file start_19.pdb (PDB, C-alpha atoms and all ligand atoms)
ATOM      1  CA  MET O   1     -22.961   9.203  -6.114  1.00  0.00           C
ATOM      2  CA  VAL O   2     -24.453   6.607  -3.812  1.00  0.00           C
ATOM      3  CA  TYR O   3     -21.885   7.058  -1.000  1.00  0.00           C
ATOM      4  CA  GLU O   4     -21.606  10.846  -1.073  1.00  0.00           C
ATOM      5  CA  ARG O   5     -23.704  11.498   2.027  1.00  0.00           C
ATOM      6  CA  ASP O   6     -21.515   9.123   4.080  1.00  0.00           C
ATOM      7  CA  ILE O   7     -18.344  11.189   3.575  1.00  0.00           C
ATOM      8  CA  SER O   8     -18.111  14.147   5.931  1.00  0.00           C
ATOM      9  CA  ASN O   9     -14.877  15.530   4.567  1.00  0.00           C
ATOM     10  CA  ILE O  10     -12.831  14.873   1.423  1.00  0.00           C
ATOM     11  CA  ILE O  11      -9.196  14.729   2.500  1.00  0.00           C
ATOM     12  CA  TRP O  12      -7.503  13.988  -0.853  1.00  0.00           C
ATOM     13  CA  ASP O  13      -9.374  14.290  -4.121  1.00  0.00           C
ATOM     14  CA  ASP O  14      -8.742  12.357  -7.324  1.00  0.00           C
ATOM     15  CA  GLU O  15      -6.388  14.984  -8.729  1.00  0.00           C
ATOM     16  CA  ALA O  16      -4.271  15.194  -5.572  1.00  0.00           C
ATOM     17  CA  ILE O  17      -3.997  11.404  -5.372  1.00  0.00           C
ATOM     18  CA  GLN O  18      -3.025  10.989  -9.024  1.00  0.00           C
ATOM     19  CA  GLN O  19      -0.521  13.854  -8.881  1.00  0.00           C
ATOM     20  CA  ARG O  20       1.161  12.374  -5.808  1.00  0.00           C
ATOM     21  CA  ILE O  21       1.290   8.920  -7.409  1.00  0.00           C
ATOM     22  CA  ARG O  22       3.025  10.350 -10.488  1.00  0.00           C
ATOM     23  CA  GLU O  23       5.631  11.949  -8.208  1.00  0.00           C
ATOM     24  CA  MET O  24       6.139   8.699  -6.302  1.00  0.00           C
ATOM     25  CA  ALA O  25       6.596   6.787  -9.557  1.00  0.00           C
ATOM     26  CA  ARG O  26       9.370   9.201 -10.593  1.00  0.00           C
ATOM     27  CA  GLU O  27      11.090   8.771  -7.200  1.00  0.00           C
ATOM     28  CA  ILE O  28      10.898   4.979  -7.501  1.00  0.00           C
ATOM     29  CA  GLU O  29      12.339   5.014 -11.029  1.00  0.00           C
ATOM     30  CA  ARG O  30      15.186   7.304  -9.983  1.00  0.00           C
ATOM     31  CA  ASP O  31      16.104   5.209  -6.903  1.00  0.00           C
ATOM     32  CA  TYR O  32      15.770   1.752  -8.437  1.00  0.00           C
ATOM     33  CA  LYS O  33      17.373   2.299 -11.850  1.00  0.00           C
ATOM     34  CA  PRO O  34      20.941   1.889 -10.521  1.00  0.00           C
ATOM     35  CA  LYS O  35      19.919  -0.794  -7.988  1.00  0.00           C
ATOM     36  CA  LEU O  36      18.348  -3.048 -10.595  1.00  0.00           C
ATOM     37  CA  GLU O  37      21.415  -3.221 -12.834  1.00  0.00           C
ATOM     38  CA  ARG O  38      23.149  -6.596 -12.700  1.00  0.00           C
ATOM     39  CA  ASN O  39      25.782  -7.785 -15.199  1.00  0.00           C
ATOM     40  CA  GLY O  40      24.835  -5.129 -17.728  1.00  0.00           C
ATOM     41  CA  LYS O  41      21.124  -5.958 -17.582  1.00  0.00           C
ATOM     42  CA  ILE O  42      18.250  -4.307 -15.711  1.00  0.00           C
ATOM     43  CA  GLU O  43      16.297  -6.750 -13.551  1.00  0.00           C
ATOM     44  CA  PRO O  44      12.621  -6.095 -12.905  1.00  0.00           C
ATOM     45  CA  LEU O  45      11.429  -4.574  -9.654  1.00  0.00           C
ATOM     46  CA  ILE O  46       8.769  -6.755  -8.002  1.00  0.00           C
ATOM     47  CA  LEU O  47       5.866  -4.664  -6.764  1.00  0.00           C
ATOM     48  CA  VAL O  48       3.873  -6.586  -4.162  1.00  0.00           C
ATOM     49  CA  GLY O  49       0.417  -5.227  -3.414  1.00  0.00           C
ATOM     50  CA  LEU O  50      -1.323  -5.991  -0.126  1.00  0.00           C
ATOM     51  CA  LEU O  51      -4.878  -7.041  -0.771  1.00  0.00           C
ATOM     52  CA  LYS O  52      -7.410  -5.883  -0.661  1.00  0.00           C
ATOM     53  CA  GLY O  53      -6.756  -2.238   0.116  1.00  0.00           C
ATOM     54  CA  ALA O  54      -3.807  -1.595  -2.228  1.00  0.00           C
ATOM     55  CA  PHE O  55      -5.455  -2.745  -5.447  1.00  0.00           C
ATOM     56  CA  LEU O  56      -6.160   0.739  -6.867  1.00  0.00           C
ATOM     57  CA  PHE O  57      -2.947   2.304  -5.636  1.00  0.00           C
ATOM     58  CA  LEU O  58      -0.847  -0.495  -7.138  1.00  0.00           C
ATOM     59  CA  ALA O  59      -2.735  -0.274 -10.436  1.00  0.00           C
ATOM     60  CA  ASP O  60      -2.208   3.476 -10.738  1.00  0.00           C
ATOM     61  CA  LEU O  61       1.385   3.304  -9.544  1.00  0.00           C
ATOM     62  CA  VAL O  62       2.506   0.686 -12.081  1.00  0.00           C
ATOM     63  CA  ARG O  63       0.834   2.598 -14.887  1.00  0.00           C
ATOM     64  CA  ASN O  64       3.086   5.532 -14.038  1.00  0.00           C
ATOM     65  CA  ILE O  65       6.345   3.569 -13.867  1.00  0.00           C
ATOM     66  CA  GLU O  66       7.799   3.615 -17.361  1.00  0.00           C
ATOM     67  CA  GLU O  67      11.573   3.816 -16.966  1.00  0.00           C
ATOM     68  CA  ILE O  68      12.261   0.515 -15.183  1.00  0.00           C
ATOM     69  CA  PRO O  69      10.867  -2.987 -15.768  1.00  0.00           C
ATOM     70  CA  VAL O  70       8.347  -4.146 -13.159  1.00  0.00           C
ATOM     71  CA  GLU O  71       6.547  -7.332 -12.203  1.00  0.00           C
ATOM     72  CA  VAL O  72       3.455  -7.498 -10.013  1.00  0.00           C
ATOM     73  CA  ASP O  73       2.469  -9.894  -7.255  1.00  0.00           C
ATOM     74  CA  PHE O  74      -0.007  -9.821  -4.377  1.00  0.00           C
ATOM     75  CA  VAL O  75      -0.320 -10.988  -0.790  1.00  0.00           C
ATOM     76  CA  ARG O  76      -3.240 -10.993   1.566  1.00  0.00           C
ATOM     77  CA  ILE O  77      -2.660 -10.958   5.298  1.00  0.00           C
ATOM     78  CA  ALA O  78      -5.240 -11.076   8.075  1.00  0.00           C
ATOM     79  CA  SER O  79      -5.405 -11.486  11.842  1.00  0.00           C
ATOM     80  CA  TYR O  80      -6.222 -14.813  13.409  1.00  0.00           C
ATOM     81  CA  GLY O  81      -9.743 -14.620  14.808  1.00  0.00           C
ATOM     82  CA  GLU O  82     -10.916 -11.503  13.013  1.00  0.00           C
ATOM     83  CA  GLY O  83     -12.606  -9.129  15.444  1.00  0.00           C
ATOM     84  CA  THR O  84     -10.476 -10.305  18.368  1.00  0.00           C
ATOM     85  CA  THR O  85      -7.484  -8.536  19.796  1.00  0.00           C
ATOM     86  CA  SER O  86      -5.048 -11.449  19.416  1.00  0.00           C
ATOM     87  CA  GLY O  87      -3.245  -9.434  16.732  1.00  0.00           C
ATOM     88  CA  GLU O  88      -1.486 -12.544  15.371  1.00  0.00           C
ATOM     89  CA  LEU O  89      -1.145 -12.349  11.603  1.00  0.00           C
ATOM     90  CA  ARG O  90      -1.198 -14.997   8.889  1.00  0.00           C
ATOM     91  CA  PHE O  91      -1.132 -15.230   5.113  1.00  0.00           C
ATOM     92  CA  ILE O  92      -4.469 -15.767   3.432  1.00  0.00           C
ATOM     93  CA  GLN O  93      -2.696 -15.510   0.095  1.00  0.00           C
ATOM     94  CA  ASP O  94       1.065 -15.818  -0.250  1.00  0.00           C
ATOM     95  CA  LEU O  95       3.203 -14.453  -3.078  1.00  0.00           C
ATOM     96  CA  VAL O  96       3.144 -16.557  -6.206  1.00  0.00           C
ATOM     97  CA  ASP O  97       6.660 -15.711  -7.399  1.00  0.00           C
ATOM     98  CA  PRO O  98       9.936 -16.476  -5.560  1.00  0.00           C
ATOM     99  CA  VAL O  99      11.660 -13.518  -3.895  1.00  0.00           C
ATOM    100  CA  LEU O 100      15.190 -14.915  -3.527  1.00  0.00           C
ATOM    101  CA  ASN O 101      17.743 -12.297  -4.664  1.00  0.00           C
ATOM    102  CA  ARG O 102      15.037 -10.065  -6.074  1.00  0.00           C
ATOM    103  CA  HIS O 103      14.304  -6.440  -5.285  1.00  0.00           C
ATOM    104  CA  ILE O 104      10.859  -6.185  -3.709  1.00  0.00           C
ATOM    105  CA  LEU O 105       8.764  -3.077  -3.180  1.00  0.00           C
ATOM    106  CA  ILE O 106       5.755  -3.617  -0.930  1.00  0.00           C
ATOM    107  CA  VAL O 107       2.827  -1.434  -1.952  1.00  0.00           C
ATOM    108  CA  GLU O 108       0.333  -0.662   0.795  1.00  0.00           C
ATOM    109  CA  ASP O 109      -2.660   1.657   0.993  1.00  0.00           C
ATOM    110  CA  ILE O 110      -2.307   2.633   4.648  1.00  0.00           C
ATOM    111  CA  VAL O 111      -0.003   1.952   7.578  1.00  0.00           C
ATOM    112  CA  ASP O 112      -1.786   2.088  10.870  1.00  0.00           C
ATOM    113  CA  THR O 113      -0.257   0.115  13.789  1.00  0.00           C
ATOM    114  CA  GLY O 114       2.545  -1.064  11.469  1.00  0.00           C
ATOM    115  CA  ASN O 115       1.977  -4.713  12.441  1.00  0.00           C
ATOM    116  CA  THR O 116       1.160  -5.894   8.916  1.00  0.00           C
ATOM    117  CA  LEU O 117       4.258  -4.398   7.285  1.00  0.00           C
ATOM    118  CA  HIS O 118       6.471  -5.522  10.143  1.00  0.00           C
ATOM    119  CA  TYR O 119       5.255  -9.097   9.728  1.00  0.00           C
ATOM    120  CA  LEU O 120       5.740  -9.054   5.960  1.00  0.00           C
ATOM    121  CA  ALA O 121       9.198  -7.448   6.118  1.00  0.00           C
ATOM    122  CA  ASP O 122      10.451 -10.223   8.435  1.00  0.00           C
ATOM    123  CA  ILE O 123       9.162 -12.945   6.151  1.00  0.00           C
ATOM    124  CA  LEU O 124      10.617 -11.462   2.978  1.00  0.00           C
ATOM    125  CA  SER O 125      14.013 -10.909   4.495  1.00  0.00           C
ATOM    126  CA  ASN O 126      14.025 -14.548   5.752  1.00  0.00           C
ATOM    127  CA  ARG O 127      13.260 -15.660   2.207  1.00  0.00           C
ATOM    128  CA  GLY O 128      16.371 -13.903   0.923  1.00  0.00           C
ATOM    129  CA  ALA O 129      15.008 -10.894  -0.950  1.00  0.00           C
ATOM    130  CA  ALA O 130      17.850  -8.735  -2.288  1.00  0.00           C
ATOM    131  CA  SER O 131      16.049  -5.733  -0.792  1.00  0.00           C
ATOM    132  CA  THR O 132      12.625  -4.955   0.608  1.00  0.00           C
ATOM    133  CA  GLY O 133      11.240  -1.435   0.261  1.00  0.00           C
ATOM    134  CA  PHE O 134       7.946   0.032   1.419  1.00  0.00           C
ATOM    135  CA  CYS O 135       5.716   2.305  -0.596  1.00  0.00           C
ATOM    136  CA  VAL O 136       2.690   3.526   1.309  1.00  0.00           C
ATOM    137  CA  LEU O 137      -0.013   5.886   0.166  1.00  0.00           C
ATOM    138  CA  ILE O 138      -1.075   7.012   3.659  1.00  0.00           C
ATOM    139  CA  ASP O 139       1.005   6.991   6.804  1.00  0.00           C
ATOM    140  CA  LYS O 140      -1.353   7.156   9.779  1.00  0.00           C
ATOM    141  CA  SER O 141       1.296   7.639  12.421  1.00  0.00           C
ATOM    142  CA  ALA O 142      -1.086   8.316  15.336  1.00  0.00           C
ATOM    143  CA  ARG O 143      -1.712   4.613  15.919  1.00  0.00           C
ATOM    144  CA  ARG O 144       1.783   3.198  15.303  1.00  0.00           C
ATOM    145  CA  GLU O 145       2.778   0.242  17.524  1.00  0.00           C
ATOM    146  CA  LYS O 146       5.691  -1.201  15.542  1.00  0.00           C
ATOM    147  CA  PRO O 147       8.374   0.918  13.895  1.00  0.00           C
ATOM    148  CA  VAL O 148       8.333   0.598  10.115  1.00  0.00           C
ATOM    149  CA  GLY O 149      10.873   2.332   7.909  1.00  0.00           C
ATOM    150  CA  MET O 150       8.946   3.607   4.927  1.00  0.00           C
ATOM    151  CA  ASP O 151      10.755   4.483   1.726  1.00  0.00           C
ATOM    152  CA  TYR O 152       7.917   6.256  -0.105  1.00  0.00           C
ATOM    153  CA  VAL O 153       4.961   7.919   1.571  1.00  0.00           C
ATOM    154  CA  GLY O 154       2.157   9.561  -0.368  1.00  0.00           C
ATOM    155  CA  PHE O 155       0.397  11.444   2.387  1.00  0.00           C
ATOM    156  CA  GLU O 156       0.755  11.823   6.129  1.00  0.00           C
ATOM    157  CA  CYS O 157      -2.330  11.566   8.330  1.00  0.00           C
ATOM    158  CA  GLU O 158      -1.401  12.598  11.838  1.00  0.00           C
ATOM    159  CA  GLU O 159      -4.886  12.456  13.322  1.00  0.00           C
ATOM    160  CA  ASP O 160      -6.751   9.225  13.942  1.00  0.00           C
ATOM    161  CA  LYS O 161      -9.425   9.747  11.269  1.00  0.00           C
ATOM    162  CA  PHE O 162     -11.637   6.986   9.861  1.00  0.00           C
ATOM    163  CA  LEU O 163     -10.586   7.102   6.213  1.00  0.00           C
ATOM    164  CA  VAL O 164     -12.383   5.398   3.331  1.00  0.00           C
ATOM    165  CA  GLY O 165     -12.155   5.428  -0.442  1.00  0.00           C
ATOM    166  CA  TYR O 166      -9.513   4.632  -3.064  1.00  0.00           C
ATOM    167  CA  GLY O 167      -9.142   1.057  -1.765  1.00  0.00           C
ATOM    168  CA  LEU O 168      -9.892   1.782   1.880  1.00  0.00           C
ATOM    169  CA  ASP O 169     -13.110   0.274   3.179  1.00  0.00           C
ATOM    170  CA  TYR O 170     -15.583   0.257   5.980  1.00  0.00           C
ATOM    171  CA  ALA O 171     -17.359  -3.110   6.053  1.00  0.00           C
ATOM    172  CA  GLU O 172     -16.133  -3.687   2.454  1.00  0.00           C
ATOM    173  CA  LYS O 173     -17.837  -0.525   1.182  1.00  0.00           C
ATOM    174  CA  TYR O 174     -16.300   2.635  -0.312  1.00  0.00           C
ATOM    175  CA  ARG O 175     -13.229   0.942  -1.878  1.00  0.00           C
ATOM    176  CA  ASN O 176     -14.313   2.152  -5.335  1.00  0.00           C
ATOM    177  CA  LEU O 177     -14.304   5.882  -4.510  1.00  0.00           C
ATOM    178  CA  LYS O 178     -11.836   8.034  -6.461  1.00  0.00           C
ATOM    179  CA  ILE O 179     -11.275  10.205  -3.388  1.00  0.00           C
ATOM    180  CA  ILE O 180     -10.115   9.500   0.154  1.00  0.00           C
ATOM    181  CA  GLY O 181     -12.402  10.972   2.763  1.00  0.00           C
ATOM    182  CA  GLU O 182     -13.466  10.835   6.345  1.00  0.00           C
ATOM    183  CA  LEU O 183     -16.399   8.576   7.077  1.00  0.00           C
ATOM    184  CA  ASP O 184     -19.280  10.316   8.779  1.00  0.00           C
ATOM    185  CA  PRO O 185     -20.072   8.638  12.132  1.00  0.00           C
ATOM    186  CA  SER O 186     -23.716   8.310  11.029  1.00  0.00           C
ATOM    187  CA  ALA O 187     -22.598   5.769   8.399  1.00  0.00           C
ATOM    188  CA  ILE O 188     -21.075   3.417  10.996  1.00  0.00           C
TER
HETATM  189  C1  LIG Y 201      -5.659  -2.559   6.381  1.00  0.00           C
HETATM  190  C2  LIG Y 201      -4.720  -1.879   5.419  1.00  0.00           C
HETATM  191  C3  LIG Y 201      -3.389  -2.460   5.778  1.00  0.00           C
HETATM  192  C4  LIG Y 201      -3.517  -2.786   7.252  1.00  0.00           C
HETATM  193  C5  LIG Y 201      -2.758  -1.764   8.018  1.00  0.00           C
HETATM  194  O1  LIG Y 201      -5.989  -3.790   5.852  1.00  0.00           O
HETATM  195  O2  LIG Y 201      -5.058  -2.141   4.080  1.00  0.00           O
HETATM  196  O3  LIG Y 201      -3.110  -3.647   5.059  1.00  0.00           O
HETATM  197  O4  LIG Y 201      -4.906  -2.709   7.576  1.00  0.00           O
HETATM  198  O5  LIG Y 201      -2.927  -1.963   9.382  1.00  0.00           O
HETATM  199  P1  LIG Y 201      -1.743  -2.142  10.391  1.00  0.00           P
HETATM  200  O6  LIG Y 201      -0.677  -1.140  10.062  1.00  0.00           O
HETATM  201  O7  LIG Y 201      -2.432  -1.816  11.709  1.00  0.00           O
HETATM  202  O8  LIG Y 201      -1.253  -3.535  10.367  1.00  0.00           O
HETATM  203  P2  LIG Y 201      -7.236  -4.654   6.342  1.00  0.00           P
HETATM  204  O9  LIG Y 201      -6.753  -5.675   7.333  1.00  0.00           O
HETATM  205  O10 LIG Y 201      -8.328  -3.738   6.797  1.00  0.00           O
HETATM  206  O11 LIG Y 201      -7.635  -5.432   5.052  1.00  0.00           O
HETATM  207  P3  LIG Y 201      -8.019  -4.880   3.597  1.00  0.00           P
HETATM  208  O12 LIG Y 201      -6.727  -4.399   2.972  1.00  0.00           O
HETATM  209  O13 LIG Y 201      -8.572  -6.078   2.927  1.00  0.00           O
HETATM  210  O14 LIG Y 201      -9.011  -3.759   3.755  1.00  0.00           O
END
call {"tool": "encode", "arguments": {"input": "start_19.pdb", "output": "structure tokens"}}
result
Amino acid sequence: MVYERDISNIIWDDEAIQQRIREMAREIERDYKPKLERNGKIEPLILVGLLKGAFLFLADLVRNIEEIPVEVDFVRIASYGEGTTSGELRFIQDLVDPVLNRHILIVEDIVDTGNTLHYLADILSNRGAASTGFCVLIDKSARREKPVGMDYVGFECEEDKFLVGYGLDYAEKYRNLKIIGELDPSAI
């Protein structure tokens, strides 16, 4: 594997990731089944993936949700003046589908400072979503700046490790890895 030497430590392997995603899918089905019922029908849950990092997580998650109807949409959010510390966020790609009165579950690979999810939550609630939930594969709490209430968390990462793989990148590399690991400083 071309990237193997760059990973100093595998934190979650393929099996652990897939097992946890199956569990999260069951939790989501259980929680949303009653919520999605309206006038005797079950409305779809809208899963919104944050690009680019969440693309694998969202794909594996939806493949494991079988008991409730789902729709999929994507957003892409970035900071103004990438590489600066302005921290102001903006949409590069907005949702395609309307959110008014719909149940939305944001699907994110990692929460770090919390700024991205905080920004998105405000916007979706202003647009009149019936509910906005957060499903995060990795909660990296060490660097939190804004409080974010997460509904589903795959794994906790309490230390400030440089994680790559399974959607997470360094300079756009490593997103395709099946595992999540710590990047060796020599690769930076
Ligand atoms: C990463 C990650 C989250 C965001 C979390 O995205 O995928 O979306 O940062 O950071 P925060 O909690 O500090 O706001 P990034 O901006 O690196 O883009 P990418 O998803 O395209 O890799």
call {"tool": "resolve_selection", "arguments": {"input": "start_19.pdb", "expression": "the PyMOL selection byres (((not hetatm)) within 6 of (chain Y and resi 201))", "output": "list in words"}}
result
Leu50, Leu51, Lys52, Gly53, Ala78, Asp109, Ile110, Val111, Asp112, Thr113, Gly114, Asn115, Thr116, Leu168 and Asp169 of chain O
call {"tool": "closest_residue", "arguments": {"input": "start_19.pdb", "among": "O:Met150, O:Val70, O:Ile106, O:Leu100", "to": "Ser125 of chain O", "atoms": "all atoms listed in the file"}}
result
O:Leu100
call {"tool": "resolve_selection", "arguments": {"input": "start_19.pdb", "expression": "the PyMOL selection byres (((chain O and resi 1) around 12) and not hetatm)", "output": "PyMOL selection string"}}
result
chain O and resi 2-7+174+176-178
call {"tool": "resolve_selection", "arguments": {"input": "start_19.pdb", "expression": "the PyMOL selection byres (((chain O and resi 160-162) around 8) and not hetatm)", "output": "list of chain:residue names"}}
result
O:Lys140, O:Ala142, O:Arg143, O:Cys157, O:Glu158, O:Glu159, O:Leu163, O:Val164, O:Glu182, O:Leu183
call {"tool": "atom_distance", "arguments": {"input": "start_19.pdb", "atom1": "atom CA of Leu117 of chain O", "atom2": "atom CA of Glu145 of chain O"}}
result
11.3 Å
call {"tool": "decode", "arguments": {"input": "start_19.pdb", "residues": "segment 77-166 of chain O", "atoms": "C-alpha atoms", "output": "mmCIF file, in the first residue's frame"}}
result
data_model
loop_
_atom_site.group_PDB
_atom_site.id
_atom_site.type_symbol
_atom_site.label_atom_id
_atom_site.label_comp_id
_atom_site.auth_asym_id
_atom_site.auth_seq_id
_atom_site.Cartn_x
_atom_site.Cartn_y
_atom_site.Cartn_z
ATOM 1 C CA ILE O 77 -18.249 24.559 3.564
ATOM 2 C CA ALA O 78 -14.881 26.293 3.721
ATOM 3 C CA SER O 79 -13.224 29.221 5.472
ATOM 4 C CA TYR O 80 -12.824 32.550 3.756
ATOM 5 C CA GLY O 81 -9.162 32.982 2.865
ATOM 6 C CA GLU O 82 -8.028 29.399 3.301
ATOM 7 C CA GLY O 83 -4.835 29.258 5.348
ATOM 8 C CA THR O 84 -5.723 32.400 7.300
ATOM 9 C CA THR O 85 -7.130 32.534 10.782
ATOM 10 C CA SER O 86 -10.226 34.589 9.910
ATOM 11 C CA GLY O 87 -12.335 31.503 10.648
ATOM 12 C CA GLU O 88 -15.338 32.922 8.753
ATOM 13 C CA LEU O 89 -17.208 30.165 6.950
ATOM 14 C CA ARG O 90 -19.120 30.088 3.676
ATOM 15 C CA PHE O 91 -20.885 27.590 1.448
ATOM 16 C CA ILE O 92 -18.933 26.377 -1.545
ATOM 17 C CA GLN O 93 -21.817 24.053 -2.336
ATOM 18 C CA ASP O 94 -25.260 24.475 -0.810
ATOM 19 C CA LEU O 95 -27.908 21.781 -0.405
ATOM 20 C CA VAL O 96 -29.834 21.031 -3.558
ATOM 21 C CA ASP O 97 -33.098 20.019 -1.875
ATOM 22 C CA PRO O 98 -35.312 22.246 0.324
ATOM 23 C CA VAL O 99 -35.187 21.566 4.068
ATOM 24 C CA LEU O 100 -38.443 23.223 5.164
ATOM 25 C CA ASN O 101 -40.342 20.900 7.543
ATOM 26 C CA ARG O 102 -37.995 18.023 6.833
ATOM 27 C CA HIS O 103 -35.963 15.964 9.268
ATOM 28 C CA ILE O 104 -32.270 16.486 8.556
ATOM 29 C CA LEU O 105 -29.343 14.441 9.813
ATOM 30 C CA ILE O 106 -25.962 16.047 9.181
ATOM 31 C CA VAL O 107 -23.272 13.451 8.541
ATOM 32 C CA GLU O 108 -19.729 14.554 9.307
ATOM 33 C CA ASP O 109 -16.413 12.718 9.405
ATOM 34 C CA ILE O 110 -14.838 14.662 12.264
ATOM 35 C CA VAL O 111 -15.727 17.484 14.632
ATOM 36 C CA ASP O 112 -12.738 19.501 15.650
ATOM 37 C CA THR O 113 -13.352 23.123 16.771
ATOM 38 C CA GLY O 114 -17.092 22.642 16.136
ATOM 39 C CA ASN O 115 -17.258 25.806 14.004
ATOM 40 C CA THR O 116 -18.440 24.041 10.845
ATOM 41 C CA LEU O 117 -21.348 22.216 12.494
ATOM 42 C CA HIS O 118 -22.320 25.285 14.486
ATOM 43 C CA TYR O 119 -22.516 27.340 11.297
ATOM 44 C CA LEU O 120 -24.553 24.706 9.468
ATOM 45 C CA ALA O 121 -26.957 24.111 12.371
ATOM 46 C CA ASP O 122 -27.832 27.834 12.492
ATOM 47 C CA ILE O 123 -28.527 27.964 8.779
ATOM 48 C CA LEU O 124 -30.709 24.862 8.719
ATOM 49 C CA SER O 125 -32.778 25.956 11.661
ATOM 50 C CA ASN O 126 -33.312 29.384 9.991
ATOM 51 C CA ARG O 127 -34.528 27.563 6.893
ATOM 52 C CA GLY O 128 -37.218 25.803 8.913
ATOM 53 C CA ALA O 129 -35.988 22.218 9.138
ATOM 54 C CA ALA O 130 -38.354 20.108 11.254
ATOM 55 C CA SER O 131 -35.289 18.855 13.131
ATOM 56 C CA THR O 132 -31.536 18.890 12.673
ATOM 57 C CA GLY O 133 -29.474 16.024 14.073
ATOM 58 C CA PHE O 134 -25.735 15.424 13.996
ATOM 59 C CA CYS O 135 -24.044 12.148 13.218
ATOM 60 C CA VAL O 136 -20.281 12.280 13.535
ATOM 61 C CA LEU O 137 -17.783 9.502 13.059
ATOM 62 C CA ILE O 138 -15.031 11.057 15.203
ATOM 63 C CA ASP O 139 -15.441 13.544 18.008
ATOM 64 C CA LYS O 140 -12.092 15.247 18.574
ATOM 65 C CA SER O 141 -13.057 17.095 21.718
ATOM 66 C CA ALA O 142 -9.564 18.396 22.572
ATOM 67 C CA ARG O 143 -9.865 21.316 20.158
ATOM 68 C CA ARG O 144 -13.525 22.286 20.674
ATOM 69 C CA GLU O 145 -14.275 26.037 20.491
ATOM 70 C CA LYS O 146 -18.040 25.993 19.928
ATOM 71 C CA PRO O 147 -20.418 23.673 21.763
ATOM 72 C CA VAL O 148 -22.120 21.220 19.422
ATOM 73 C CA GLY O 149 -24.731 18.756 20.620
ATOM 74 C CA MET O 150 -24.012 15.530 18.804
ATOM 75 C CA ASP O 151 -26.685 12.873 18.512
ATOM 76 C CA TYR O 152 -24.544 10.003 17.199
ATOM 77 C CA VAL O 153 -20.810 9.673 17.713
ATOM 78 C CA GLY O 154 -18.783 6.821 16.271
ATOM 79 C CA PHE O 155 -15.535 7.244 18.142
ATOM 80 C CA GLU O 156 -14.102 9.666 20.662
ATOM 81 C CA CYS O 157 -10.594 11.030 20.148
ATOM 82 C CA GLU O 158 -9.558 12.901 23.256
ATOM 83 C CA GLU O 159 -5.988 13.631 22.213
ATOM 84 C CA ASP O 160 -5.079 16.098 19.496
ATOM 85 C CA LYS O 161 -3.811 13.525 16.978
ATOM 86 C CA PHE O 162 -3.351 14.190 13.257
ATOM 87 C CA LEU O 163 -5.797 11.659 11.832
ATOM 88 C CA VAL O 164 -6.020 10.596 8.191
ATOM 89 C CA GLY O 165 -7.845 7.936 6.220
ATOM 90 C CA TYR O 166 -11.467 6.955 5.583
#
